file run.cif (mmCIF, C-alpha atoms)
data_input
#
loop_
_atom_site.label_atom_id
_atom_site.label_comp_id
_atom_site.auth_asym_id
_atom_site.auth_seq_id
_atom_site.Cartn_x
_atom_site.Cartn_y
_atom_site.Cartn_z
CA MET A 1 6.24 3.04 7.49
CA THR A 2 5.38 -0.53 6.57
CA VAL A 3 1.84 -1.19 5.38
CA ALA A 4 0.14 -4.58 5.00
CA VAL A 5 -1.89 -4.88 1.79
CA GLY A 6 -3.48 -8.30 1.73
CA ASP A 7 -0.61 -10.78 1.83
CA HIS A 8 1.95 -8.13 0.83
CA MET A 9 4.01 -5.76 2.95
CA LEU A 10 4.76 -2.38 1.35
CA LEU A 11 7.23 0.26 2.40
CA ALA A 12 5.44 3.61 2.18
CA THR A 13 6.46 7.21 2.60
CA ALA A 14 4.16 9.80 4.10
CA TYR A 15 4.15 13.42 5.13
CA PRO A 16 6.15 13.87 8.35
CA THR A 17 3.07 15.33 10.06
CA LEU A 18 1.05 12.14 9.49
CA ARG A 19 0.68 10.52 12.89
CA THR A 20 -0.99 7.15 12.36
CA PRO A 21 -1.00 4.91 15.45
CA VAL A 22 0.39 1.40 14.97
CA GLY A 23 -2.44 -0.94 13.96
CA ALA A 24 -4.81 1.86 12.94
CA PRO A 25 -6.46 1.44 9.53
CA ILE A 26 -5.20 3.61 6.68
CA TYR A 27 -6.43 4.12 3.14
CA LEU A 28 -4.26 4.21 0.05
CA ARG A 29 -4.66 4.50 -3.69
CA ILE A 30 -2.27 2.91 -6.13
CA SER A 31 -2.32 3.68 -9.83
CA THR A 32 -2.51 0.32 -11.60
CA GLU A 33 -0.59 1.76 -14.54
CA LYS A 34 2.36 2.72 -12.33
CA CYS A 35 2.30 -0.08 -9.76
CA VAL A 36 4.95 -2.78 -10.18
CA ALA A 37 4.60 -4.22 -6.66
CA LEU A 38 1.12 -5.75 -6.87
CA ALA A 39 -0.25 -7.76 -9.78
CA ASP A 40 -3.53 -6.69 -11.36
CA ASP A 41 -6.32 -9.26 -10.84
CA ALA A 42 -6.63 -9.56 -14.63
CA GLU A 43 -3.02 -10.75 -14.86
CA LYS A 44 -3.64 -13.69 -12.51
CA THR A 45 -5.86 -15.55 -15.02
#

call {"tool": "encode", "arguments": {"input": "run.cif", "output": "C-alpha coordinates"}}
result
Amino acid sequence: MTVAVGDHMLLATAYPTLRTPVGAPIYLRISTEKCVALADDAEKT
(Lines of atoms letter the chains of each structure in order from A and count residues from 1; the text may use other names and numbers.)
(Lines give C-alpha, C1' and ligand atoms only; values in the text may rest on other atoms or scores of the structure.)
Protein backbone atom coordinates (compact mmCIF):
# COMPACT_ATOMS: atom_id res chain seq x y z
CA MET A 1 0.00 0.00 0.00
CA THR A 2 1.08 3.59 -0.50
CA VAL A 3 0.92 5.87 2.53
CA ALA A 4 1.16 9.67 2.55
CA VAL A 5 3.36 11.00 5.36
CA GLY A 6 3.35 14.77 5.17
CA ASP A 7 4.75 15.63 1.73
CA HIS A 8 6.21 12.13 1.27
CA MET A 9 4.69 8.99 -0.22
CA LEU A 10 5.89 5.72 1.33
CA LEU A 11 5.45 2.19 0.07
CA ALA A 12 4.43 0.08 3.06
CA THR A 13 3.87 -3.60 3.66
CA ALA A 14 1.21 -4.88 6.02
CA TYR A 15 -0.30 -8.12 7.19
CA PRO A 16 -2.55 -9.57 4.47
CA THR A 17 -5.51 -9.50 6.87
CA LEU A 18 -5.25 -5.72 7.32
CA ARG A 19 -8.23 -4.24 5.51
CA THR A 20 -7.85 -0.47 5.58
CA PRO A 21 -10.30 1.39 3.34
CA VAL A 22 -8.78 3.87 0.88
CA GLY A 23 -8.56 7.30 2.54
CA ALA A 24 -8.99 5.97 6.08
CA PRO A 25 -6.44 7.24 8.62
CA ILE A 26 -3.71 4.84 9.73
CA TYR A 27 -1.03 5.11 12.38
CA LEU A 28 2.59 4.14 11.96
CA ARG A 29 5.80 4.21 13.94
CA ILE A 30 9.19 4.61 12.34
CA SER A 31 12.42 4.09 14.23
CA THR A 32 14.49 7.23 13.64
CA GLU A 33 17.67 5.17 13.94
CA LYS A 34 16.63 2.86 11.10
CA CYS A 35 14.71 5.27 8.86
CA VAL A 36 16.53 6.44 5.73
CA ALA A 37 13.42 7.74 3.94
CA LEU A 38 12.53 10.72 6.14
CA ALA A 39 14.98 13.24 7.54
CA ASP A 40 15.00 13.89 11.28
CA ASP A 41 13.88 17.44 12.17
CA ALA A 42 17.26 17.99 13.85
CA GLU A 43 19.03 17.37 10.53
CA LYS A 44 17.13 20.17 8.77
CA THR A 45 18.86 22.94 10.76

call {"tool": "resolve_selection", "arguments": {"input": "run.cif", "expression": "the PyMOL selection byres ((chain A and resi 28) around 12)", "output": "PyMOL selection string"}}
result
chain A and resi 3-5+10+12-14+25-27+29-31

call {"tool": "atom_distance", "arguments": {"input": "run.cif", "atom1": "atom CA of A:Met1", "atom2": "atom CA of A:Thr32"}}
result
21.2 Å

call {"tool": "atom_distance", "arguments": {"input": "run.cif", "atom1": "atom CA of A:Glu33", "atom2": "atom CA of A:Leu18"}}
result
26.2 Å

call {"tool": "axis_aligned_box", "arguments": {"input": "run.cif", "around": "stretch 17-26 of chain A", "padding_each_side": "5 Å", "output": "lines of an AutoDock Vina configuration file"}}
result
center_x = -1.7
center_y = 7.2
center_z = 11.1
size_x = 19.5
size_y = 26.3
size_z = 18.8
